[in-house]
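*Asks:* Input file: upload-v9.txt. Contents: compact mmCIF, C-alpha atoms and all ligand atoms.
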```txt
# COMPACT_ATOMS: atom_id res chain seq x y z
CA MET R 91 24.74 85.44 146.47
CA GLN R 92 26.87 86.79 143.64
CA GLN R 93 25.13 88.42 140.67
CA THR R 94 25.73 86.96 137.23
CA PRO R 95 27.10 89.39 134.59
CA VAL R 96 23.65 89.50 132.98
CA GLU R 97 22.01 90.40 136.29
CA ARG R 98 24.71 92.97 136.95
CA SER R 99 24.23 94.61 133.58
CA ALA R 100 20.44 94.67 134.08
CA ALA R 101 20.96 96.34 137.47
CA ASP R 102 23.35 98.90 135.92
CA LYS R 103 20.82 99.64 133.23
CA GLU R 104 18.20 100.21 135.90
CA ARG R 105 20.47 102.61 137.77
CA SER R 106 21.37 104.93 134.91
CA LYS R 107 20.17 105.50 131.36
CA ARG R 108 23.36 107.44 130.62
CA PRO R 109 24.55 106.86 127.03
CA ARG R 110 27.63 104.66 126.90
CA GLU R 111 29.71 107.35 125.17
CA SER R 112 28.54 110.12 127.55
CA SER R 113 31.05 112.84 128.41
CA PHE R 114 29.34 113.56 131.77
CA SER R 115 30.14 111.88 135.05
CA ALA R 116 27.44 109.38 136.06
CA GLU R 117 26.49 111.61 138.98
CA ASN R 118 26.06 114.74 136.83
CA TRP R 119 24.22 112.89 134.09
CA ASP R 120 21.77 111.23 136.46
CA LEU R 121 20.99 114.56 138.10
CA LEU R 122 20.75 116.67 134.92
CA SER R 123 18.62 114.07 133.15
CA ARG R 124 15.89 114.83 135.70
CA PHE R 125 15.45 118.48 134.65
CA TRP R 126 13.64 120.10 131.73
CA HIS R 127 16.01 121.36 129.03
CA PRO R 128 15.37 123.56 125.96
CA ILE R 129 16.07 121.73 122.70
CA VAL R 130 14.65 123.70 119.75
CA TYR R 131 12.56 126.77 118.92
CA GLY R 132 9.03 125.63 118.07
CA SER R 133 9.20 127.81 114.94
CA ASP R 134 12.19 125.79 113.67
CA LEU R 135 10.23 122.57 113.88
CA GLY R 136 8.58 122.24 110.50
CA ALA R 137 7.90 119.50 108.00
CA LYS R 138 11.04 117.51 108.81
CA PRO R 139 12.18 115.55 111.87
CA LEU R 140 15.25 117.11 113.48
CA PRO R 141 18.25 115.47 115.12
CA ILE R 142 19.00 116.85 118.60
CA ARG R 143 21.66 115.98 121.14
CA LEU R 144 20.92 116.43 124.82
CA LEU R 145 23.30 115.21 127.55
CA ASP R 146 24.99 113.14 124.81
CA GLN R 147 21.71 111.35 124.10
CA ARG R 148 20.82 111.36 120.40
CA LEU R 149 17.19 112.37 120.00
CA VAL R 150 14.75 112.98 117.17
CA VAL R 151 12.10 115.67 117.51
CA TYR R 152 9.12 115.87 115.17
CA ARG R 153 5.62 117.25 114.86
CA ALA R 154 2.85 114.71 114.27
CA GLY R 155 -0.23 116.85 113.70
CA ARG R 156 -0.47 119.08 116.77
CA ARG R 157 1.76 116.94 118.92
CA VAL R 158 5.49 117.35 119.31
CA VAL R 159 7.34 114.10 119.92
CA VAL R 160 10.83 113.67 121.35
CA ALA R 161 12.23 110.15 121.07
CA ASN R 162 15.54 108.32 120.91
CA ASP R 163 16.93 108.79 117.41
CA VAL R 164 17.06 105.08 116.71
CA CYS R 165 14.46 102.94 115.00
CA ILE R 166 13.27 100.01 117.08
CA HIS R 167 13.41 97.77 114.00
CA ARG R 168 17.02 97.82 112.76
CA GLY R 169 18.43 100.91 114.44
CA ALA R 170 18.25 103.47 111.60
CA PRO R 171 18.44 107.16 112.61
CA LEU R 172 14.85 108.35 112.53
CA SER R 173 15.93 111.97 112.09
CA ARG R 174 16.80 111.02 108.49
CA GLY R 175 13.20 109.99 107.89
CA TRP R 176 10.25 112.16 106.96
CA ILE R 177 6.72 113.09 108.01
CA ALA R 178 3.71 111.67 106.17
CA ASP R 179 0.07 111.66 107.27
CA GLU R 180 1.03 112.97 110.73
CA THR R 181 3.45 110.08 111.29
CA LEU R 182 7.22 109.81 111.31
CA VAL R 183 8.43 107.44 108.58
CA CYS R 184 11.67 105.50 109.17
CA PRO R 185 13.99 105.90 106.14
CA TYR R 186 15.11 102.23 106.18
CA HIS R 187 12.00 100.02 105.87
CA GLY R 188 9.26 102.61 106.23
CA LEU R 189 7.82 101.78 109.67
CA ARG R 190 5.57 104.64 110.77
CA PHE R 191 5.24 106.14 114.24
CA ASP R 192 2.40 108.37 115.40
CA GLY R 193 2.17 111.32 117.79
CA SER R 194 2.56 109.04 120.80
CA GLY R 195 5.58 107.21 119.35
CA ARG R 196 3.55 104.08 118.69
CA CYS R 197 4.20 102.06 115.52
CA VAL R 198 1.12 102.30 113.31
CA ALA R 199 2.32 100.80 110.01
CA ILE R 200 4.82 98.14 108.88
CA PRO R 201 4.80 98.45 105.06
CA PRO R 202 6.95 95.35 104.32
CA ALA R 203 4.43 93.21 106.25
CA GLY R 204 1.48 94.55 104.29
CA PRO R 205 -1.68 95.78 105.99
CA VAL R 206 -1.21 93.68 109.15
CA ALA R 207 -4.25 93.25 111.35
CA HIS R 208 -2.50 93.73 114.66
CA ILE R 209 0.56 95.76 115.61
CA PRO R 210 1.52 95.07 119.23
CA PRO R 211 1.12 98.26 121.32
CA LYS R 212 4.55 97.71 122.84
CA LEU R 213 6.08 98.33 119.40
CA ARG R 214 6.84 101.96 120.15
CA LEU R 215 9.66 104.46 120.35
CA THR R 216 11.29 105.46 123.60
CA THR R 217 9.73 108.89 124.05
CA TYR R 218 10.22 111.67 126.60
CA PRO R 219 8.02 114.33 128.19
CA VAL R 220 7.56 117.42 126.01
CA ALA R 221 6.45 120.96 126.79
CA GLU R 222 6.29 124.11 124.67
CA ARG R 223 6.75 127.36 126.52
CA TYR R 224 7.97 130.80 125.43
CA GLY R 225 8.32 129.50 121.87
CA ILE R 226 10.80 126.82 122.95
CA VAL R 227 10.33 123.04 122.95
CA TRP R 228 11.57 121.52 126.24
CA THR R 229 12.15 117.92 127.16
CA CYS R 230 13.29 115.89 130.14
CA LEU R 231 15.05 112.52 129.94
CA SER R 232 13.19 111.34 133.04
CA PRO R 233 9.42 110.76 133.27
CA GLU R 234 9.34 112.77 136.49
CA PRO R 235 11.14 116.12 136.26
CA LEU R 236 12.62 117.34 139.54
CA ALA R 237 11.51 120.94 139.01
CA PRO R 238 8.97 122.80 136.84
CA LEU R 239 9.79 124.81 133.72
CA PRO R 240 11.10 128.33 134.27
CA GLU R 241 8.54 131.06 134.90
CA TRP R 242 9.33 134.22 132.95
CA PRO R 243 6.42 136.63 133.47
CA GLY R 244 8.43 139.36 131.70
CA MET R 245 7.79 137.53 128.41
CA GLU R 246 4.14 138.59 128.65
CA GLN R 247 4.82 142.21 129.63
CA MET R 248 4.22 144.42 126.62
CA ASN R 249 6.33 147.32 127.94
CA LEU R 250 9.52 145.24 127.91
CA GLN R 251 11.53 145.06 124.69
CA LYS R 252 12.37 141.40 124.02
CA VAL R 253 15.65 140.22 122.61
CA LYS R 254 15.53 137.09 120.45
CA LEU R 255 18.42 135.64 118.47
CA ALA R 256 18.99 132.46 116.47
CA PRO R 257 20.25 129.52 118.57
CA ALA R 258 24.02 129.63 119.05
CA ASP R 259 26.43 126.76 119.70
CA TRP R 260 29.13 127.43 122.27
CA ASP R 261 32.18 125.23 122.86
CA CYS R 262 31.76 125.23 126.62
CA SER R 263 29.79 123.45 129.30
CA ALA R 264 26.32 124.69 130.20
CA PHE R 265 27.66 125.48 133.69
CA ARG R 266 30.25 127.84 132.15
CA HIS R 267 27.69 129.54 129.94
CA VAL R 268 25.31 130.19 132.84
CA GLU R 269 28.19 131.78 134.75
CA ASN R 270 28.88 134.03 131.78
CA PHE R 271 25.28 135.19 131.35
CA ASN R 272 25.04 136.03 135.05
CA ASP R 273 28.46 137.70 135.24
CA VAL R 274 28.70 141.50 135.11
CA ALA R 275 32.40 141.69 136.06
CA HIS R 276 33.53 140.99 132.50
CA PHE R 277 31.58 143.90 130.94
CA SER R 278 34.40 146.44 131.46
CA PHE R 279 36.84 144.15 129.66
CA VAL R 280 35.11 141.94 127.10
CA HIS R 281 32.46 144.54 126.19
CA ALA R 282 34.68 147.63 126.31
CA GLY R 283 33.94 149.36 122.99
CA THR R 284 30.25 148.55 123.16
CA PHE R 285 28.15 148.72 126.36
CA GLY R 286 30.92 147.90 128.91
CA ASP R 287 32.47 150.84 130.78
CA PRO R 288 36.27 150.34 131.00
CA THR R 289 36.49 153.16 133.58
CA ALA R 290 34.11 151.45 136.05
CA PRO R 291 35.27 147.85 136.62
CA ILE R 292 34.11 147.61 140.24
CA VAL R 293 30.99 145.50 140.78
CA ALA R 294 28.59 147.02 143.31
CA ARG R 295 27.72 144.84 146.30
CA TYR R 296 24.45 143.01 145.86
CA ASP R 297 22.23 140.60 147.74
CA VAL R 298 21.26 137.17 146.49
CA ALA R 299 17.84 135.81 147.43
CA PRO R 300 16.69 132.23 146.94
CA SER R 301 13.60 131.70 144.76
CA ALA R 302 11.47 128.57 144.35
CA ASN R 303 13.96 126.89 141.99
CA GLY R 304 16.89 129.23 141.80
CA LEU R 305 18.23 132.63 142.80
CA ARG R 306 17.38 136.28 142.32
CA ARG R 307 19.59 139.32 142.57
CA SER R 308 19.53 142.97 141.52
CA MET R 309 22.36 145.41 141.05
CA PRO R 310 23.20 148.74 139.46
CA VAL R 311 25.44 148.53 136.39
CA ASN R 312 27.20 151.45 134.77
CA GLN R 313 26.50 151.00 131.10
CA VAL R 314 27.86 152.88 128.09
CA ASP R 315 25.08 154.04 125.78
CA ARG R 316 26.18 151.82 122.92
CA ASP R 317 24.52 148.72 121.56
CA SER R 318 26.28 145.39 120.91
CA PHE R 319 27.46 146.72 117.54
CA GLY R 320 29.09 149.80 119.07
CA LYS R 321 26.48 152.28 117.82
CA GLY R 322 25.66 155.10 120.25
CA SER R 323 27.68 157.50 122.39
CA ASP R 324 30.28 157.40 125.19
CA GLN R 325 27.77 158.68 127.70
CA THR R 326 27.11 156.28 130.57
CA THR R 327 23.86 155.48 132.37
CA VAL R 328 23.32 153.55 135.60
CA MET R 329 20.95 150.71 134.74
CA GLU R 330 19.27 148.29 137.12
CA TYR R 331 19.95 144.63 136.33
CA ASP R 332 17.43 142.13 137.75
CA TYR R 333 18.60 138.56 137.28
CA ASP R 334 16.37 135.54 137.84
CA TYR R 335 18.23 132.22 137.63
CA THR R 336 16.30 128.93 137.45
CA LEU R 337 17.88 125.50 137.88
CA PRO R 338 19.71 124.09 136.09
CA PHE R 339 20.75 126.38 133.19
CA ASN R 340 18.08 129.03 132.66
CA SER R 341 18.20 132.73 133.41
CA SER R 342 16.25 135.85 132.66
CA LEU R 343 17.31 139.45 132.97
CA VAL R 344 15.37 142.71 133.08
CA ILE R 345 17.52 145.76 132.32
CA SER R 346 15.72 148.87 133.53
CA SER R 347 16.88 152.26 132.35
CA PRO R 348 15.94 155.62 133.93
CA ASP R 349 14.13 156.66 130.72
CA GLY R 350 11.81 153.63 130.94
CA ARG R 351 13.16 151.78 127.87
CA ASP R 352 13.37 148.46 129.68
CA GLU R 353 14.70 145.29 128.06
CA TYR R 354 13.97 141.65 128.75
CA ILE R 355 16.41 138.90 127.88
CA TYR R 356 16.16 135.21 128.63
CA ASP R 357 18.96 132.72 128.28
CA ALA R 358 18.10 129.02 128.16
CA VAL R 359 20.92 126.53 127.73
CA CYS R 360 20.75 123.04 126.27
CA PRO R 361 23.62 120.91 127.65
CA VAL R 362 24.48 119.09 124.41
CA SER R 363 27.52 117.42 125.98
CA SER R 364 29.83 118.30 128.85
CA ALA R 365 31.77 120.61 126.50
CA LYS R 366 29.10 121.86 124.10
CA SER R 367 26.01 123.96 124.71
CA ARG R 368 23.22 125.28 122.52
CA ILE R 369 22.01 128.69 123.63
CA PHE R 370 18.46 129.97 123.18
CA ILE R 371 18.44 133.70 123.82
S1 LIG R 401 15.18 100.25 110.67
FE1 LIG R 401 13.45 101.48 110.77
S2 LIG R 401 12.00 100.46 109.60
FE2 LIG R 401 13.70 99.14 109.59
FE FE R 402 20.39 97.82 99.70
```
Here is the file; what I need is its structure written in the form of C-alpha cells.

*Replies:*
Amino acid sequence: MQQTPVERSAADKERSKRPRESSFSAENWDLLSRFWHPIVYGSDLGAKPLPIRLLDQRLVVYRAGRRVVVANDVCIHRGAPLSRGWIADETLVCPYHGLRFDGSGRCVAIPPAGPVAHIPPKLRLTTYPVAERYGIVWTCLSPEPLAPLPEWPGMEQMNLQKVKLAPADWDCSAFRHVENFNDVAHFSFVHAGTFGDPTAPIVARYDVAPSANGLRRSMPVNQVDRDSFGKGSDQTTVMEYDYDYTLPFNSSLVISSPDGRDEYIYDAVCPVSSAKSRIFI
C-alpha cells in the first residue's frame, strides 16, 4: 500500500534528524551525529546561555546550578532562540514570554499563565547527552553515542607541559583539520622560519597501529629549536612525535625531546558545518 505524504514525512523524520538546511550529506550527518563532539570550554560557560552550532544544528548550552544542559536553540512555545534568554534561579528564561526551563530541560514556569498548578512533564526542551572532560563540554546528537569520549591520560601527567589556546574557527571541514593536525609533511614548508626544518622535508617511515577507537603512530621529526613565534636558534633536534587519533575528530600528541622537556597537545574539533570547524587545542 502506498504511503500518504504525511506518513512519508513521518518516516523521513524517523530516519534522520538532520536539519533541513544541513550542509552535510545525509549519510555523513547520520553517522557523525552519533559521536561525542566538543562544543565549548567549561570555563567559557558562565552566567549566560550560549549559542552553539554543531553539524548545522543550532543549539543552546547553559548551566542550571551544577548541571550543564545542551538543547535545541528554539523555544517550544513560539520558537524564540533560547540563547538570547538569560539564567535566573538555576533556570533558563526564554526572552519572548518568559517560560523557564530547569537543569533537565523541563518547563517549570509559565509566567503569562500565572502560578499554574500543573505543567505537563512533556513540556520540555529537546536535550542531548552532555559530558565534561578535560575542561571541555561535549555533546552527542544521538541518545546512544557510538564510541566513548577520548582518553587522554597525558592530561593528568604532571611532567608534560600542556598547550592550551582559545578556541579557533577554521574555514574548513573537520576532516581537513584532523588531517592537518596529524600531518608532519607540511612542517618543512608551512612552518619554515619557526619549528619546521626546510632542509629535512623527508618524512621517516612509521607504523600505524589501531587503538580501541582510532589509530596510534610514532615517528622521529627533525625540529628547529624555535617556537611558533620564531624565537630560538637554528639548531635542530630530533624529537619523537606520538600521535593518538580518536574517532571522529580528536587527536593528542606527545612531543618528547632528548632533554626531557616533553609537551602534550590535544586537538578536539567541533564540526560546525561541512565547511566550518571550531578547534579546541
Ligand atoms: S517563545 Fe519562548 S516563551 Fe514564548
Ligand atoms: Fe511587541

*Asks:* I'd like the contact shell of R:Val150 - 6 Å cut-off, all atoms listed in the file, skipping same-chain residues fewer than 5 positions apart - returned as a ChimeraX atom specification.

*Replies:* /R:140-142,160-161,163,173

*Asks:* Could I get the residues of chain R with an atom no further than 7 Å from an atom of ligand LIG 401 (chain R), each paired with its nearest atom pair and that distance in Å to one decimal, using all atoms listed in the file, sorted by chain and residue number, as a tab-separated table?

*Replies:*
```
residue	atom	partner	partner_atom	distance
R:Cys165	CA	R:LIG401	FE1	4.6
R:Ile166	CA	R:LIG401	FE1	6.5
R:His167	CA	R:LIG401	S1	4.5
R:Arg168	CA	R:LIG401	S1	3.7
R:Gly169	CA	R:LIG401	S1	5.0
R:Ala170	CA	R:LIG401	S1	4.5
R:Cys184	CA	R:LIG401	FE1	4.7
R:Pro185	CA	R:LIG401	FE1	6.4
R:Tyr186	CA	R:LIG401	FE2	4.8
R:His187	CA	R:LIG401	S2	3.8
R:Gly188	CA	R:LIG401	S2	4.8
R:Leu189	CA	R:LIG401	S2	4.4
```

*Asks:* So which one's closest to R:Asn312, R:Thr327, R:Thr181, R:Ser133, R:Thr216? Using all atoms listed in the file, please.

*Replies:*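 That would be R:Thr327, the residue with the smallest distance to R:Asn312.
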
*Asks:* Please identify all polymer residues within 8 Å of R:Ile371, counting all atoms listed in the file, omitting same-chain residues fewer than 3 positions from it, and present them as a list in words.

*Replies:* Val253, Lys254, Leu255, Ala256, Pro257, Ile355, Tyr356, Asp357 and Ala358 of chain R

*Asks:* At what distance in Å, to one decimal, does atom CA of R:Glu353 lie from atom CA of R:Ala221?

*Replies:*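 So the two atoms, atom CA of R:Ala221 and atom CA of R:Glu353, lie 25.7 Å apart.
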
*Asks:* Working from the structure I just supplied, which lacks atoms in stretch 275-286 of chain R, can you model all heavy atoms there and output them as a PDB file, keeping the file's coordinate frame?

*Replies:*
```pdb
ATOM      1  N   ALA R 275      31.021 141.223 135.851  1.00  0.00           N
ATOM      2  CA  ALA R 275      32.400 141.690 136.060  1.00  0.00           C
ATOM      3  C   ALA R 275      33.211 141.716 134.771  1.00  0.00           C
ATOM      4  O   ALA R 275      34.248 142.366 134.708  1.00  0.00           O
ATOM      5  CB  ALA R 275      33.087 140.819 137.105  1.00  0.00           C
ATOM      6  N   HIS R 276      32.740 141.007 133.740  1.00  0.00           N
ATOM      7  CA  HIS R 276      33.530 140.990 132.500  1.00  0.00           C
ATOM      8  C   HIS R 276      33.147 142.127 131.555  1.00  0.00           C
ATOM      9  O   HIS R 276      33.818 142.353 130.557  1.00  0.00           O
ATOM     10  CB  HIS R 276      33.384 139.638 131.781  1.00  0.00           C
ATOM     11  CG  HIS R 276      32.056 139.412 131.120  1.00  0.00           C
ATOM     12  ND1 HIS R 276      30.918 139.044 131.794  1.00  0.00           N
ATOM     13  CD2 HIS R 276      31.679 139.515 129.812  1.00  0.00           C
ATOM     14  CE1 HIS R 276      29.914 138.914 130.943  1.00  0.00           C
ATOM     15  NE2 HIS R 276      30.340 139.200 129.734  1.00  0.00           N
ATOM     16  N   PHE R 277      32.062 142.861 131.870  1.00  0.00           N
ATOM     17  CA  PHE R 277      31.580 143.900 130.940  1.00  0.00           C
ATOM     18  C   PHE R 277      32.678 144.923 130.601  1.00  0.00           C
ATOM     19  O   PHE R 277      32.845 145.309 129.452  1.00  0.00           O
ATOM     20  CB  PHE R 277      30.388 144.660 131.529  1.00  0.00           C
ATOM     21  CG  PHE R 277      29.113 143.860 131.626  1.00  0.00           C
ATOM     22  CD1 PHE R 277      27.963 144.441 132.158  1.00  0.00           C
ATOM     23  CD2 PHE R 277      29.043 142.546 131.188  1.00  0.00           C
ATOM     24  CE1 PHE R 277      26.782 143.723 132.251  1.00  0.00           C
ATOM     25  CE2 PHE R 277      27.864 141.817 131.288  1.00  0.00           C
ATOM     26  CZ  PHE R 277      26.733 142.415 131.824  1.00  0.00           C
ATOM     27  N   SER R 278      33.407 145.376 131.658  1.00  0.00           N
ATOM     28  CA  SER R 278      34.400 146.440 131.460  1.00  0.00           C
ATOM     29  C   SER R 278      35.570 145.991 130.600  1.00  0.00           C
ATOM     30  O   SER R 278      36.362 146.816 130.138  1.00  0.00           O
ATOM     31  CB  SER R 278      34.941 146.921 132.808  1.00  0.00           C
ATOM     32  OG  SER R 278      33.894 147.447 133.572  1.00  0.00           O
ATOM     33  N   PHE R 279      35.702 144.680 130.417  1.00  0.00           N
ATOM     34  CA  PHE R 279      36.840 144.150 129.660  1.00  0.00           C
ATOM     35  C   PHE R 279      36.396 143.594 128.315  1.00  0.00           C
ATOM     36  O   PHE R 279      36.770 144.096 127.266  1.00  0.00           O
ATOM     37  CB  PHE R 279      37.556 143.077 130.514  1.00  0.00           C
ATOM     38  CG  PHE R 279      38.004 143.651 131.836  1.00  0.00           C
ATOM     39  CD1 PHE R 279      37.190 143.576 132.961  1.00  0.00           C
ATOM     40  CD2 PHE R 279      39.203 144.350 131.926  1.00  0.00           C
ATOM     41  CE1 PHE R 279      37.575 144.160 134.159  1.00  0.00           C
ATOM     42  CE2 PHE R 279      39.598 144.938 133.123  1.00  0.00           C
ATOM     43  CZ  PHE R 279      38.778 144.846 134.248  1.00  0.00           C
ATOM     44  N   VAL R 280      35.537 142.586 128.353  1.00  0.00           N
ATOM     45  CA  VAL R 280      35.110 141.940 127.100  1.00  0.00           C
ATOM     46  C   VAL R 280      34.243 142.892 126.263  1.00  0.00           C
ATOM     47  O   VAL R 280      34.332 142.919 125.037  1.00  0.00           O
ATOM     48  CB  VAL R 280      34.340 140.633 127.393  1.00  0.00           C
ATOM     49  CG1 VAL R 280      33.800 140.015 126.104  1.00  0.00           C
ATOM     50  CG2 VAL R 280      35.245 139.641 128.109  1.00  0.00           C
ATOM     51  N   HIS R 281      33.407 143.693 126.935  1.00  0.00           N
ATOM     52  CA  HIS R 281      32.460 144.540 126.190  1.00  0.00           C
ATOM     53  C   HIS R 281      32.883 146.006 126.152  1.00  0.00           C
ATOM     54  O   HIS R 281      32.059 146.872 125.848  1.00  0.00           O
ATOM     55  CB  HIS R 281      31.052 144.376 126.770  1.00  0.00           C
ATOM     56  CG  HIS R 281      30.566 142.963 126.702  1.00  0.00           C
ATOM     57  ND1 HIS R 281      30.275 142.331 125.508  1.00  0.00           N
ATOM     58  CD2 HIS R 281      30.367 142.030 127.669  1.00  0.00           C
ATOM     59  CE1 HIS R 281      29.906 141.075 125.754  1.00  0.00           C
ATOM     60  NE2 HIS R 281      29.959 140.871 127.055  1.00  0.00           N
ATOM     61  N   ALA R 282      34.170 146.263 126.481  1.00  0.00           N
ATOM     62  CA  ALA R 282      34.680 147.630 126.310  1.00  0.00           C
ATOM     63  C   ALA R 282      34.595 147.919 124.809  1.00  0.00           C
ATOM     64  O   ALA R 282      34.937 147.076 123.991  1.00  0.00           O
ATOM     65  CB  ALA R 282      36.120 147.708 126.787  1.00  0.00           C
ATOM     66  N   GLY R 283      34.112 149.071 124.431  1.00  0.00           N
ATOM     67  CA  GLY R 283      33.940 149.360 122.990  1.00  0.00           C
ATOM     68  C   GLY R 283      32.475 149.280 122.611  1.00  0.00           C
ATOM     69  O   GLY R 283      32.050 149.868 121.620  1.00  0.00           O
ATOM     70  N   THR R 284      31.699 148.526 123.393  1.00  0.00           N
ATOM     71  CA  THR R 284      30.250 148.550 123.160  1.00  0.00           C
ATOM     72  C   THR R 284      29.592 149.051 124.458  1.00  0.00           C
ATOM     73  O   THR R 284      29.778 150.209 124.801  1.00  0.00           O
ATOM     74  CB  THR R 284      29.702 147.168 122.718  1.00  0.00           C
ATOM     75  OG1 THR R 284      30.010 146.192 123.709  1.00  0.00           O
ATOM     76  CG2 THR R 284      30.299 146.751 121.385  1.00  0.00           C
ATOM     77  N   PHE R 285      28.882 148.195 125.188  1.00  0.00           N
ATOM     78  CA  PHE R 285      28.150 148.720 126.360  1.00  0.00           C
ATOM     79  C   PHE R 285      28.953 148.674 127.664  1.00  0.00           C
ATOM     80  O   PHE R 285      28.540 149.229 128.677  1.00  0.00           O
ATOM     81  CB  PHE R 285      26.814 147.999 126.535  1.00  0.00           C
ATOM     82  CG  PHE R 285      26.948 146.520 126.800  1.00  0.00           C
ATOM     83  CD1 PHE R 285      27.071 146.039 128.092  1.00  0.00           C
ATOM     84  CD2 PHE R 285      26.951 145.611 125.751  1.00  0.00           C
ATOM     85  CE1 PHE R 285      27.188 144.684 128.345  1.00  0.00           C
ATOM     86  CE2 PHE R 285      27.073 144.248 125.997  1.00  0.00           C
ATOM     87  CZ  PHE R 285      27.198 143.782 127.286  1.00  0.00           C
ATOM     88  N   GLY R 286      30.119 147.990 127.685  1.00  0.00           N
ATOM     89  CA  GLY R 286      30.920 147.900 128.910  1.00  0.00           C
ATOM     90  C   GLY R 286      31.701 149.180 129.159  1.00  0.00           C
ATOM     91  O   GLY R 286      32.224 149.784 128.228  1.00  0.00           O
TER      92      GLY R 286
END
```
